[in-house]
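Okay, protein-v3.pdb now, which holds PDB, C-alpha atoms and all ligand atoms:
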ATOM      1  CA  MET A   1      98.076   8.852-136.802
ATOM      2  CA  SER A   2      94.976   6.805-136.106
ATOM      3  CA  LYS A   3      91.633   8.273-137.096
ATOM      4  CA  ARG A   4      88.741   8.870-134.721
ATOM      5  CA  TRP A   5      85.230   9.352-136.009
ATOM      6  CA  ILE A   6      83.532  12.401-134.582
ATOM      7  CA  MET A   7      79.824  13.025-134.599
ATOM      8  CA  ILE A   8      78.515  16.125-132.841
ATOM      9  CA  GLY A   9      75.291  15.749-130.901
ATOM     10  CA  ILE A  10      73.333  18.816-129.881
ATOM     11  CA  LEU A  11      70.940  18.425-126.981
ATOM     12  CA  ASP A  12      68.262  21.057-126.612
ATOM     13  CA  SER A  13      64.881  21.565-124.993
ATOM     14  CA  GLY A  14      63.375  22.471-128.346
ATOM     15  CA  ILE A  15      64.430  24.708-131.192
ATOM     16  CA  GLY A  16      66.616  27.359-129.530
ATOM     17  CA  GLY A  17      69.674  25.181-130.037
ATOM     18  CA  LEU A  18      69.185  25.378-133.816
ATOM     19  CA  ARG A  19      70.961  28.700-133.701
ATOM     20  CA  ALA A  20      73.903  26.950-132.050
ATOM     21  CA  ALA A  21      73.716  24.171-134.660
ATOM     22  CA  ARG A  22      73.950  26.762-137.435
ATOM     23  CA  GLU A  23      76.999  28.330-135.767
ATOM     24  CA  LEU A  24      78.651  24.956-135.239
ATOM     25  CA  LEU A  25      78.175  24.067-138.894
ATOM     26  CA  ASP A  26      79.712  27.426-139.837
ATOM     27  CA  ARG A  27      82.706  26.767-137.602
ATOM     28  CA  VAL A  28      83.109  23.052-138.408
ATOM     29  CA  PRO A  29      81.682  22.724-141.939
ATOM     30  CA  ASP A  30      82.839  19.110-142.327
ATOM     31  CA  ALA A  31      81.028  17.946-139.221
ATOM     32  CA  ASP A  32      78.525  15.149-138.919
ATOM     33  CA  LEU A  33      75.845  16.531-136.671
ATOM     34  CA  ILE A  34      72.755  15.172-135.004
ATOM     35  CA  TYR A  35      70.347  17.497-133.231
ATOM     36  CA  PHE A  36      67.812  16.454-130.642
ATOM     37  CA  GLY A  37      65.194  19.018-129.611
ATOM     38  CA  ASP A  38      62.449  17.983-127.207
ATOM     39  CA  THR A  39      59.724  20.182-128.718
ATOM     40  CA  ALA A  40      56.958  17.919-127.377
ATOM     41  CA  ARG A  41      57.909  18.787-123.827
ATOM     42  CA  SER A  42      59.388  22.277-124.189
ATOM     43  CA  PRO A  43      59.542  24.932-122.973
ATOM     44  CA  TYR A  44      61.790  23.544-120.266
ATOM     45  CA  GLY A  45      62.226  27.040-118.865
ATOM     46  CA  VAL A  46      59.022  26.877-116.848
ATOM     47  CA  LYS A  47      59.513  23.317-115.576
ATOM     48  CA  HIS A  48      60.914  21.952-112.324
ATOM     49  CA  GLY A  49      64.593  21.027-112.407
ATOM     50  CA  ASP A  50      63.795  17.339-111.748
ATOM     51  CA  THR A  51      61.560  17.202-114.839
ATOM     52  CA  ILE A  52      64.182  18.894-116.981
ATOM     53  CA  ARG A  53      66.843  16.523-115.722
ATOM     54  CA  ARG A  54      64.718  13.452-116.433
ATOM     55  CA  ASN A  55      63.811  14.593-119.949
ATOM     56  CA  ALA A  56      67.344  15.712-120.764
ATOM     57  CA  SER A  57      68.756  12.371-119.609
ATOM     58  CA  GLU A  58      66.516  10.618-122.146
ATOM     59  CA  GLY A  59      67.676  12.984-124.883
ATOM     60  CA  LEU A  60      71.277  12.321-124.002
ATOM     61  CA  LYS A  61      70.746   8.556-124.261
ATOM     62  CA  PHE A  62      69.090   9.072-127.618
ATOM     63  CA  LEU A  63      72.059  11.031-128.967
ATOM     64  CA  LEU A  64      74.521   8.461-127.689
ATOM     65  CA  ALA A  65      72.540   5.615-129.289
ATOM     66  CA  ALA A  66      72.470   7.604-132.550
ATOM     67  CA  GLY A  67      76.269   7.686-132.580
ATOM     68  CA  ALA A  68      77.155  11.090-131.120
ATOM     69  CA  THR A  69      80.701  11.159-129.784
ATOM     70  CA  ILE A  70      80.786  14.735-128.471
ATOM     71  CA  ILE A  71      77.733  16.538-127.164
ATOM     72  CA  CYS A  72      77.109  20.257-127.082
ATOM     73  CA  ILE A  73      74.352  21.529-124.775
ATOM     74  CA  PRO A  74      73.562  25.147-125.718
ATOM     75  CA  CYS A  75      70.412  25.030-123.564
ATOM     76  CA  SER A  76      70.926  26.726-120.207
ATOM     77  CA  ASP A  77      67.865  25.024-118.704
ATOM     78  CA  ILE A  78      69.438  21.591-119.264
ATOM     79  CA  SER A  79      72.920  22.772-118.337
ATOM     80  CA  GLY A  80      71.550  24.229-115.088
ATOM     81  CA  ALA A  81      69.338  21.296-114.110
ATOM     82  CA  GLY A  82      71.924  18.661-115.016
ATOM     83  CA  PHE A  83      71.476  15.184-116.464
ATOM     84  CA  ASP A  84      72.339  11.587-115.726
ATOM     85  CA  LEU A  85      75.405  10.498-117.597
ATOM     86  CA  PRO A  86      74.613   7.447-119.747
ATOM     87  CA  ASP A  87      77.023   4.504-119.670
ATOM     88  CA  GLY A  88      79.662   4.881-122.334
ATOM     89  CA  LEU A  89      79.712   8.679-122.431
ATOM     90  CA  PRO A  90      82.517  10.367-120.489
ATOM     91  CA  ARG A  91      81.578  13.708-118.841
ATOM     92  CA  ARG A  92      84.436  15.395-120.701
ATOM     93  CA  SER A  93      82.647  14.648-123.994
ATOM     94  CA  ILE A  94      79.815  16.986-122.977
ATOM     95  CA  ILE A  95      80.170  20.744-123.325
ATOM     96  CA  ASP A  96      77.425  22.654-121.577
ATOM     97  CA  ALA A  97      76.300  26.275-121.576
ATOM     98  CA  VAL A  98      76.883  26.874-117.859
ATOM     99  CA  SER A  99      80.535  25.782-117.851
ATOM    100  CA  ALA A 100      81.301  27.316-121.243
ATOM    101  CA  GLY A 101      79.451  30.578-120.478
ATOM    102  CA  THR A 102      81.165  30.937-117.090
ATOM    103  CA  HIS A 103      84.517  30.209-118.666
ATOM    104  CA  ALA A 104      83.916  32.830-121.383
ATOM    105  CA  ALA A 105      82.882  35.417-118.761
ATOM    106  CA  LEU A 106      85.987  34.703-116.687
ATOM    107  CA  ALA A 107      88.156  35.566-119.674
ATOM    108  CA  LEU A 108      86.845  39.151-119.630
ATOM    109  CA  PRO A 109      88.956  41.877-118.024
ATOM    110  CA  GLN A 110      86.262  43.707-116.048
ATOM    111  CA  LEU A 111      84.335  40.910-114.394
ATOM    112  CA  ASN A 112      83.273  42.312-111.024
ATOM    113  CA  ARG A 113      79.555  42.906-111.207
ATOM    114  CA  ILE A 114      77.850  40.232-113.242
ATOM    115  CA  GLY A 115      74.240  40.116-114.389
ATOM    116  CA  ILE A 116      72.527  36.945-115.582
ATOM    117  CA  ILE A 117      69.298  36.744-117.548
ATOM    118  CA  GLY A 118      67.633  33.457-118.421
ATOM    119  CA  THR A 119      64.414  31.505-118.117
ATOM    120  CA  PRO A 120      62.826  31.006-114.677
ATOM    121  CA  ALA A 121      64.193  27.424-114.544
ATOM    122  CA  THR A 122      67.753  28.493-115.319
ATOM    123  CA  ILE A 123      67.663  31.305-112.763
ATOM    124  CA  ALA A 124      66.072  29.018-110.135
ATOM    125  CA  SER A 125      68.869  26.464-110.651
ATOM    126  CA  HIS A 126      71.478  29.070-109.461
ATOM    127  CA  ALA A 127      73.927  27.117-111.631
ATOM    128  CA  PHE A 128      75.672  30.168-113.102
ATOM    129  CA  GLU A 129      75.911  31.866-109.681
ATOM    130  CA  MET A 130      77.467  28.741-108.163
ATOM    131  CA  ALA A 131      79.966  28.337-110.997
ATOM    132  CA  LEU A 132      80.932  32.024-110.817
ATOM    133  CA  ALA A 133      81.173  32.020-107.027
ATOM    134  CA  ALA A 134      83.534  29.039-107.190
ATOM    135  CA  ALA A 135      85.745  30.627-109.845
ATOM    136  CA  LYS A 136      85.622  34.267-108.753
ATOM    137  CA  PRO A 137      84.571  34.497-105.101
ATOM    138  CA  GLY A 138      84.745  38.321-104.894
ATOM    139  CA  ALA A 139      82.386  39.015-107.777
ATOM    140  CA  ARG A 140      78.862  40.335-107.214
ATOM    141  CA  VAL A 141      76.278  38.360-109.165
ATOM    142  CA  TYR A 142      72.710  39.452-109.855
ATOM    143  CA  ALA A 143      70.199  37.301-111.726
ATOM    144  CA  ASN A 144      66.831  38.108-113.219
ATOM    145  CA  PRO A 145      64.401  35.647-114.858
ATOM    146  CA  CYS A 146      62.923  36.780-118.167
ATOM    147  CA  PRO A 147      60.133  34.332-119.080
ATOM    148  CA  LEU A 148      58.701  36.285-122.014
ATOM    149  CA  ILE A 149      61.710  36.485-124.314
ATOM    150  CA  VAL A 150      61.537  32.852-125.525
ATOM    151  CA  PRO A 151      57.930  33.081-126.822
ATOM    152  CA  LEU A 152      58.588  36.495-128.378
ATOM    153  CA  VAL A 153      61.591  35.163-130.305
ATOM    154  CA  GLU A 154      59.739  32.037-131.406
ATOM    155  CA  ALA A 155      56.847  34.189-132.630
ATOM    156  CA  GLY A 156      59.299  36.292-134.623
ATOM    157  CA  ARG A 157      58.309  39.503-132.807
ATOM    158  CA  LEU A 158      61.883  40.716-132.865
ATOM    159  CA  THR A 159      61.338  44.403-133.611
ATOM    160  CA  LYS A 160      57.971  44.988-131.994
ATOM    161  CA  PRO A 161      57.538  47.731-129.370
ATOM    162  CA  GLU A 162      56.333  45.181-126.803
ATOM    163  CA  THR A 163      59.570  43.230-127.243
ATOM    164  CA  PHE A 164      61.678  46.344-126.645
ATOM    165  CA  ARG A 165      59.600  47.134-123.544
ATOM    166  CA  ILE A 166      59.915  43.609-122.158
ATOM    167  CA  ILE A 167      63.676  43.569-122.660
ATOM    168  CA  LYS A 168      63.963  46.950-120.977
ATOM    169  CA  ASN A 169      61.986  45.672-117.975
ATOM    170  CA  CYS A 170      64.105  42.528-117.904
ATOM    171  CA  VAL A 171      67.502  44.263-117.825
ATOM    172  CA  SER A 172      66.571  47.393-115.832
ATOM    173  CA  PRO A 173      67.105  45.860-112.368
ATOM    174  CA  LEU A 174      70.582  44.734-113.485
ATOM    175  CA  LYS A 175      71.360  48.124-114.989
ATOM    176  CA  ARG A 176      70.490  49.678-111.621
ATOM    177  CA  ARG A 177      73.010  47.280-110.056
ATOM    178  CA  ARG A 178      75.607  48.705-112.478
ATOM    179  CA  VAL A 179      76.672  45.324-113.842
ATOM    180  CA  ASP A 180      79.779  45.350-116.033
ATOM    181  CA  THR A 181      79.007  41.990-117.679
ATOM    182  CA  LEU A 182      75.711  40.397-118.665
ATOM    183  CA  ILE A 183      75.447  36.660-119.300
ATOM    184  CA  LEU A 184      72.736  35.708-121.800
ATOM    185  CA  ALA A 185      71.843  32.399-120.180
ATOM    186  CA  CYS A 186      69.330  31.183-122.738
ATOM    187  CA  SER A 187      69.634  29.797-126.245
ATOM    188  CA  HIS A 188      67.124  32.319-127.617
ATOM    189  CA  PHE A 189      68.452  35.573-126.192
ATOM    190  CA  ALA A 190      71.267  36.199-128.678
ATOM    191  CA  VAL A 191      68.663  36.648-131.414
ATOM    192  CA  LEU A 192      67.833  39.897-129.589
ATOM    193  CA  ARG A 193      71.420  40.670-128.686
ATOM    194  CA  ARG A 194      71.458  44.150-130.240
ATOM    195  CA  THR A 195      68.304  45.198-128.414
ATOM    196  CA  ILE A 196      69.625  43.791-125.130
ATOM    197  CA  GLN A 197      72.906  45.657-125.630
ATOM    198  CA  ARG A 198      71.037  48.886-126.325
ATOM    199  CA  LYS A 199      68.890  48.534-123.222
ATOM    200  CA  ILE A 200      71.657  47.527-120.796
ATOM    201  CA  GLY A 201      74.149  50.069-122.183
ATOM    202  CA  LYS A 202      77.040  49.803-124.593
ATOM    203  CA  ARG A 203      79.740  49.566-121.881
ATOM    204  CA  VAL A 204      78.402  46.262-120.571
ATOM    205  CA  PHE A 205      80.048  43.122-122.000
ATOM    206  CA  LEU A 206      77.559  40.525-123.215
ATOM    207  CA  VAL A 207      78.430  36.838-122.927
ATOM    208  CA  ASP A 208      76.227  34.436-124.874
ATOM    209  CA  ALA A 209      76.381  31.109-122.998
ATOM    210  CA  ALA A 210      75.074  29.111-125.975
ATOM    211  CA  GLU A 211      77.658  30.620-128.292
ATOM    212  CA  ALA A 212      80.354  29.861-125.720
ATOM    213  CA  ALA A 213      79.291  26.200-125.747
ATOM    214  CA  VAL A 214      79.548  26.200-129.545
ATOM    215  CA  ALA A 215      82.997  27.831-129.488
ATOM    216  CA  ASP A 216      84.272  25.306-126.917
ATOM    217  CA  THR A 217      82.871  22.387-128.925
ATOM    218  CA  ALA A 218      84.494  23.638-132.136
ATOM    219  CA  ALA A 219      87.792  24.213-130.331
ATOM    220  CA  ARG A 220      87.656  20.731-128.817
ATOM    221  CA  ILE A 221      87.175  19.185-132.259
ATOM    222  CA  SER A 222      89.867  21.198-133.990
ATOM    223  CA  GLY A 223      92.265  20.442-131.129
ATOM    224  CA  SER A 224      91.602  16.724-131.328
ATOM    225  CA  PRO A 225      94.239  15.009-133.497
ATOM    226  CA  GLY A 226      92.945  12.452-135.966
ATOM    227  CA  ALA A 227      89.316  13.588-135.647
ATOM    228  CA  VAL A 228      87.398  13.005-138.857
ATOM    229  CA  SER A 229      83.774  13.044-139.906
ATOM    230  CA  ARG A 230      82.171  10.369-142.050
ATOM    231  CA  GLY A 231      80.399  12.512-144.534
ATOM    232  CA  LYS A 232      79.078  15.955-143.575
ATOM    233  CA  THR A 233      75.610  14.792-142.686
ATOM    234  CA  SER A 234      73.308  16.849-140.486
ATOM    235  CA  ARG A 235      70.057  15.577-139.045
ATOM    236  CA  PHE A 236      67.630  17.604-136.978
ATOM    237  CA  LEU A 237      65.287  15.543-134.845
ATOM    238  CA  VAL A 238      62.483  16.923-132.735
ATOM    239  CA  THR A 239      59.793  15.218-130.650
ATOM    240  CA  ASP A 240      56.961  17.348-132.069
ATOM    241  CA  ARG A 241      56.753  18.975-135.481
ATOM    242  CA  SER A 242      53.774  21.300-135.392
ATOM    243  CA  GLU A 243      53.400  24.230-137.768
ATOM    244  CA  TYR A 244      54.471  26.475-134.889
ATOM    245  CA  VAL A 245      57.659  24.445-134.402
ATOM    246  CA  GLU A 246      58.447  24.479-138.149
ATOM    247  CA  HIS A 247      57.969  28.244-138.317
ATOM    248  CA  ALA A 248      59.935  29.019-135.165
ATOM    249  CA  ALA A 249      62.705  26.631-136.268
ATOM    250  CA  ARG A 250      63.256  28.741-139.396
ATOM    251  CA  ILE A 251      63.609  31.861-137.237
ATOM    252  CA  LEU A 252      66.150  30.255-134.893
ATOM    253  CA  PHE A 253      68.101  28.444-137.636
ATOM    254  CA  GLY A 254      68.097  31.537-139.828
ATOM    255  CA  GLY A 255      66.608  29.725-142.824
ATOM    256  CA  PRO A 256      64.869  26.518-143.866
ATOM    257  CA  VAL A 257      65.739  23.417-141.863
ATOM    258  CA  ALA A 258      64.454  19.887-142.478
ATOM    259  CA  LEU A 259      63.069  18.663-139.162
ATOM    260  CA  GLU A 260      62.509  14.935-138.638
ATOM    261  CA  LEU A 261      60.317  13.414-135.991
ATOM    262  CA  ALA A 262      62.403  11.638-133.346
ATOM    263  CA  PRO A 263      61.183   8.133-132.495
ATOM    264  CA  ILE A 264      61.900   8.601-128.785
ATOM    265  CA  PRO A 265      61.575   9.484-125.970
ATOM    266  CA  PRO A 266      58.075   8.264-125.162
ATOM    267  CA  ILE A 267      55.839  11.029-123.920
ATOM    268  CA  ARG A 268      55.082  10.181-120.324
ATOM    269  CA  SER A 269      52.220  11.640-118.412
ATOM    270  CA  GLU A 270      52.430  11.858-114.640
ATOM    271  CA  THR A 271      48.653  11.734-114.465
ATOM    272  CA  SER A 272      48.050   8.629-116.633
ATOM    273  CA  PRO A 273      46.181   5.918-114.792
ATOM    274  CA  PRO A 274      48.327   2.936-113.767
ATOM    275  CA  GLU A 275      48.279   0.039-116.224
ATOM    276  CA  ALA A 276      45.927  -2.804-115.330
ATOM    277  CA  SER A 277      47.851  -5.851-114.125
TER     278      SER A 277
HETATM  279  N1  LIG B 301      66.633  26.276-124.559
HETATM  280  C1  LIG B 301      66.182  26.977-123.374
HETATM  281  C2  LIG B 301      67.391  27.616-122.668
HETATM  282  O1  LIG B 301      68.449  27.818-123.234
HETATM  283  C3  LIG B 301      65.100  27.995-123.704
HETATM  284  C4  LIG B 301      63.800  27.368-124.194
HETATM  285  C5  LIG B 301      63.058  26.569-123.145
HETATM  286  O2  LIG B 301      62.869  27.068-122.016
HETATM  287  O3  LIG B 301      62.693  25.438-123.450
HETATM  288  O4  LIG B 301      67.271  27.931-121.484
END
Could I get this structure in the form of structure tokens?
Amino acid sequence: MSKRWIMIGILDSGIGGLRAARELLDRVPDADLIYFGDTARSPYGVKHGDTIRRNASEGLKFLLAAGATIICIPCSDISGAGFDLPDGLPRRSIIDAVSAGTHAALALPQLNRIGIIGTPATIASHAFEMALAAAKPGARVYANPCPLIVPLVEAGRLTKPETFRIIKNCVSPLKRRRVDTLILACSHFAVLRRTIQRKIGKRVFLVDAAEAAVADTAARISGSPGAVSRGKTSRFLVTDRSEYVEHAARILFGGPVALELAPIPPIRSETSPPEAS
């Protein structure tokens, strides 16, 4: 059987996808992995979809140029906004949180009333609602943006009373709707999974969209005959490496992680004066 080199690329808005990277390395320990997190321009969750799409498209090109052959997108903001497919990368080589999370939810037995929580950008994209409506037309879907969870996780305020209060406020409208399933449509939310489960109620199934993207990526690799890695190398590139980023990266990765500064993409400013001709 002929061999095919596999290198996993992870495309993320910043550091939330490090949790997915950790899980992927646990599931596919032999993998070569390259991570691209756009920390200079994150959070994406408060940006317009067009901005997210433009930035994500640059990240995708970067990963392709770095040799990635399969790309996992655990970031719901990117998955919801979409991206331009670079030449040479087939769409089937990209596994995104919206498709994987929807697919994982559809596998559940009691999927009739579905709640979605995510960043404002993910909720505004309506990507999960559209995917669910196409696959399960009769289901009721309710979405609620939760903008404060990302900064709380990154600041490590995981067990603080304000965090519990914010999560309660975030899931309460969905609890009132009596959802049977709750999709965690953000890379950061699973860090607070236990608290979210407590606040929404133990009978509600939680689906972590980022984890679903990881599981699908791992399954794709293990189901791909002849797939081999070159040498178990992992690189974690980010576009900004402030002290804040380094600290938050440890929280999301669950331990020390060596971040490198990515050479691209260039940081563009919409307001820069035009160049003199
Ligand atoms: N990675 C983003 C997501 O999964 C959360 C962080 C951000 O908004 O940049 O939606």
task = Evaluate the PyMOL selection byres (((chain A and resi 233) around 12) and not hetatm) on the structure here and hand back the selected residues as a list of chain:residue names.
result =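 Those residues are A:Ile6, A:Met7, A:Ile8, A:Gly9, A:Leu25, A:Val28, A:Pro29, A:Asp30, A:Ala31, A:Asp32, A:Leu33, A:Ile34, A:Tyr35, A:Ser229, A:Arg230, A:Gly231, A:Lys232, A:Ser234, A:Arg235, A:Phe236.
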Using only C-alpha atoms, please write the residues we just selected to a file, as an mmCIF file, keeping the file's coordinate frame.
data_model
loop_
_atom_site.group_PDB
_atom_site.id
_atom_site.type_symbol
_atom_site.label_atom_id
_atom_site.label_comp_id
_atom_site.auth_asym_id
_atom_site.auth_seq_id
_atom_site.Cartn_x
_atom_site.Cartn_y
_atom_site.Cartn_z
ATOM 1 C CA ILE A 6 83.532 12.401 -134.582
ATOM 2 C CA MET A 7 79.824 13.025 -134.599
ATOM 3 C CA ILE A 8 78.515 16.125 -132.841
ATOM 4 C CA GLY A 9 75.291 15.749 -130.901
ATOM 5 C CA LEU A 25 78.175 24.067 -138.894
ATOM 6 C CA VAL A 28 83.109 23.052 -138.408
ATOM 7 C CA PRO A 29 81.682 22.724 -141.939
ATOM 8 C CA ASP A 30 82.839 19.110 -142.327
ATOM 9 C CA ALA A 31 81.028 17.946 -139.221
ATOM 10 C CA ASP A 32 78.525 15.149 -138.919
ATOM 11 C CA LEU A 33 75.845 16.531 -136.671
ATOM 12 C CA ILE A 34 72.755 15.172 -135.004
ATOM 13 C CA TYR A 35 70.347 17.497 -133.231
ATOM 14 C CA SER A 229 83.774 13.044 -139.906
ATOM 15 C CA ARG A 230 82.171 10.369 -142.050
ATOM 16 C CA GLY A 231 80.399 12.512 -144.534
ATOM 17 C CA LYS A 232 79.078 15.955 -143.575
ATOM 18 C CA SER A 234 73.308 16.849 -140.486
ATOM 19 C CA ARG A 235 70.057 15.577 -139.045
ATOM 20 C CA PHE A 236 67.630 17.604 -136.978
#
message = Using only C-alpha atoms for the distances, tell me which of A:Gly67, A:Gly115, A:Gly80, A:Gly37 is nearest to A:Ala139.
response = A:Gly115
All file atoms of stretch 35-49 of chain A boxed axis-aligned, 4 Å per side, centre plus edges, as lines of an AutoDock Vina configuration file:
center_x = 63.7
center_y = 21.7
center_z = -122.8
size_x = 21.4
size_y = 18.6
size_z = 28.9
request  = Residues up to 9 Å from ligand LIG 301 (chain B), counting all atoms listed in the file: could you list those as a PyMOL selection string?
outcome  = chain A and resi 12-17+37-39+41-47+73-80+97+118-122+147+150-151+185-189+209-210
ask   = For the atom pair atom CA of A:Ala227 and atom CA of A:Phe36, what is the interatomic distance in Å to one decimal place?
value = 22.3 Å
query = Out of A:Asp180, A:Glu211, A:Asp216, A:Glu154, which residue has the shortest atom-to-atom distance to A:His247 when counting all atoms listed in the file?
reply =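 Of the candidates, the smallest distance to A:His247 is held by A:Glu154.
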ask   = When distances are computed from only C-alpha atoms, which of A:Ala218, A:Ile114, A:Leu60, A:Ala107 shows the smallest separation from A:Arg91?
value =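 Closest to A:Arg91, using only C-alpha atoms: A:Leu60.
As for atom CA of A:Ser57 and atom CA of A:Phe83, they are spaced 5.0 Å apart.
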query = Which residues fall under the PyMOL selection byres (((chain A and resi 110) around 10) and not hetatm) in this file, as a list in words?
reply =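 This file gives the following for the PyMOL selection byres (((chain A and resi 110) around 10) and not hetatm): Ala105, Leu106, Ala107, Leu108, Pro109, Leu111, Asn112, Arg113, Ile114, Val179, Asp180, Thr181, Val204 and Phe205 of chain A.
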key: Result set, the PyMOL selection byres (((chain A and resi 259) around 9) and not hetatm) on current file, as a VMD selection string   = chain A and resid 235 to 238 241 246 249 257 to 258 260 to 261
note = Shortest contact to A:Arg27, candidates A:Arg220, A:Arg4, A:Arg250, A:His103, atoms counted all atoms listed in the file, goes to A:Arg220
message = For stretch 196-198 of chain A, find every residue with an atom within 10 Å (counting all atoms listed in the file), except residues of its own chain fewer than 3 positions away, and show them as an MDAnalysis selection string.
response = chainID A and resid 164 167:168 170:171 182 184 189:193 201:206
Need a file for stretch 139-146 of chain A from that block: all heavy atoms, written as a PDB file, in the first residue's frame.
ATOM      1  N   ALA A 139     -37.132  20.288  14.041  1.00  0.00           N
ATOM      2  CA  ALA A 139     -36.564  20.633  15.356  1.00  0.00           C
ATOM      3  C   ALA A 139     -36.719  22.125  15.651  1.00  0.00           C
ATOM      4  O   ALA A 139     -36.659  22.952  14.752  1.00  0.00           O
ATOM      5  CB  ALA A 139     -35.094  20.241  15.386  1.00  0.00           C
ATOM      6  N   ARG A 140     -36.934  22.440  16.931  1.00  0.00           N
ATOM      7  CA  ARG A 140     -36.959  23.841  17.362  1.00  0.00           C
ATOM      8  C   ARG A 140     -35.546  24.225  17.779  1.00  0.00           C
ATOM      9  O   ARG A 140     -34.927  23.490  18.560  1.00  0.00           O
ATOM     10  CB  ARG A 140     -37.868  24.005  18.582  1.00  0.00           C
ATOM     11  CG  ARG A 140     -39.314  23.678  18.334  1.00  0.00           C
ATOM     12  CD  ARG A 140     -39.926  24.813  17.535  1.00  0.00           C
ATOM     13  NE  ARG A 140     -41.337  24.617  17.339  1.00  0.00           N
ATOM     14  CZ  ARG A 140     -42.269  25.163  18.113  1.00  0.00           C
ATOM     15  NH1 ARG A 140     -41.926  25.931  19.114  1.00  0.00           N
ATOM     16  NH2 ARG A 140     -43.538  24.952  17.858  1.00  0.00           N
ATOM     17  N   VAL A 141     -35.071  25.345  17.304  1.00  0.00           N
ATOM     18  CA  VAL A 141     -33.696  25.753  17.637  1.00  0.00           C
ATOM     19  C   VAL A 141     -33.714  27.147  18.257  1.00  0.00           C
ATOM     20  O   VAL A 141     -34.357  28.058  17.738  1.00  0.00           O
ATOM     21  CB  VAL A 141     -32.796  25.760  16.368  1.00  0.00           C
ATOM     22  CG1 VAL A 141     -31.358  26.076  16.738  1.00  0.00           C
ATOM     23  CG2 VAL A 141     -32.859  24.413  15.646  1.00  0.00           C
ATOM     24  N   TYR A 142     -33.032  27.273  19.380  1.00  0.00           N
ATOM     25  CA  TYR A 142     -32.968  28.556  20.090  1.00  0.00           C
ATOM     26  C   TYR A 142     -31.498  28.884  20.342  1.00  0.00           C
ATOM     27  O   TYR A 142     -30.750  28.033  20.833  1.00  0.00           O
ATOM     28  CB  TYR A 142     -33.685  28.460  21.437  1.00  0.00           C
ATOM     29  CG  TYR A 142     -35.090  27.940  21.305  1.00  0.00           C
ATOM     30  CD1 TYR A 142     -35.360  26.587  21.514  1.00  0.00           C
ATOM     31  CD2 TYR A 142     -36.135  28.786  20.947  1.00  0.00           C
ATOM     32  CE1 TYR A 142     -36.645  26.094  21.376  1.00  0.00           C
ATOM     33  CE2 TYR A 142     -37.429  28.300  20.811  1.00  0.00           C
ATOM     34  CZ  TYR A 142     -37.680  26.949  21.031  1.00  0.00           C
ATOM     35  OH  TYR A 142     -38.946  26.466  20.887  1.00  0.00           O
ATOM     36  N   ALA A 143     -31.104  30.098  20.011  1.00  0.00           N
ATOM     37  CA  ALA A 143     -29.682  30.461  20.160  1.00  0.00           C
ATOM     38  C   ALA A 143     -29.536  31.662  21.072  1.00  0.00           C
ATOM     39  O   ALA A 143     -30.385  32.553  21.080  1.00  0.00           O
ATOM     40  CB  ALA A 143     -29.096  30.763  18.787  1.00  0.00           C
ATOM     41  N   ASN A 144     -28.462  31.677  21.827  1.00  0.00           N
ATOM     42  CA  ASN A 144     -28.208  32.818  22.708  1.00  0.00           C
ATOM     43  C   ASN A 144     -26.719  33.170  22.693  1.00  0.00           C
ATOM     44  O   ASN A 144     -25.883  32.312  22.984  1.00  0.00           O
ATOM     45  CB  ASN A 144     -28.644  32.472  24.139  1.00  0.00           C
ATOM     46  CG  ASN A 144     -28.826  33.714  24.981  1.00  0.00           C
ATOM     47  OD1 ASN A 144     -29.128  34.786  24.458  1.00  0.00           O
ATOM     48  ND2 ASN A 144     -28.627  33.584  26.281  1.00  0.00           N
ATOM     49  N   PRO A 145     -26.363  34.414  22.362  1.00  0.00           N
ATOM     50  CA  PRO A 145     -24.942  34.788  22.389  1.00  0.00           C
ATOM     51  C   PRO A 145     -24.452  34.988  23.820  1.00  0.00           C
ATOM     52  O   PRO A 145     -25.172  35.532  24.655  1.00  0.00           O
ATOM     53  CB  PRO A 145     -24.918  36.122  21.623  1.00  0.00           C
ATOM     54  CG  PRO A 145     -26.300  36.669  21.726  1.00  0.00           C
ATOM     55  CD  PRO A 145     -27.241  35.516  21.921  1.00  0.00           C
ATOM     56  N   CYS A 146     -23.244  34.542  24.085  1.00  0.00           N
ATOM     57  CA  CYS A 146     -22.670  34.676  25.430  1.00  0.00           C
ATOM     58  C   CYS A 146     -21.271  35.293  25.293  1.00  0.00           C
ATOM     59  O   CYS A 146     -20.271  34.570  25.258  1.00  0.00           O
ATOM     60  CB  CYS A 146     -22.577  33.317  26.104  1.00  0.00           C
ATOM     61  SG  CYS A 146     -24.157  32.477  26.183  1.00  0.00           S
TER      62      CYS A 146
END
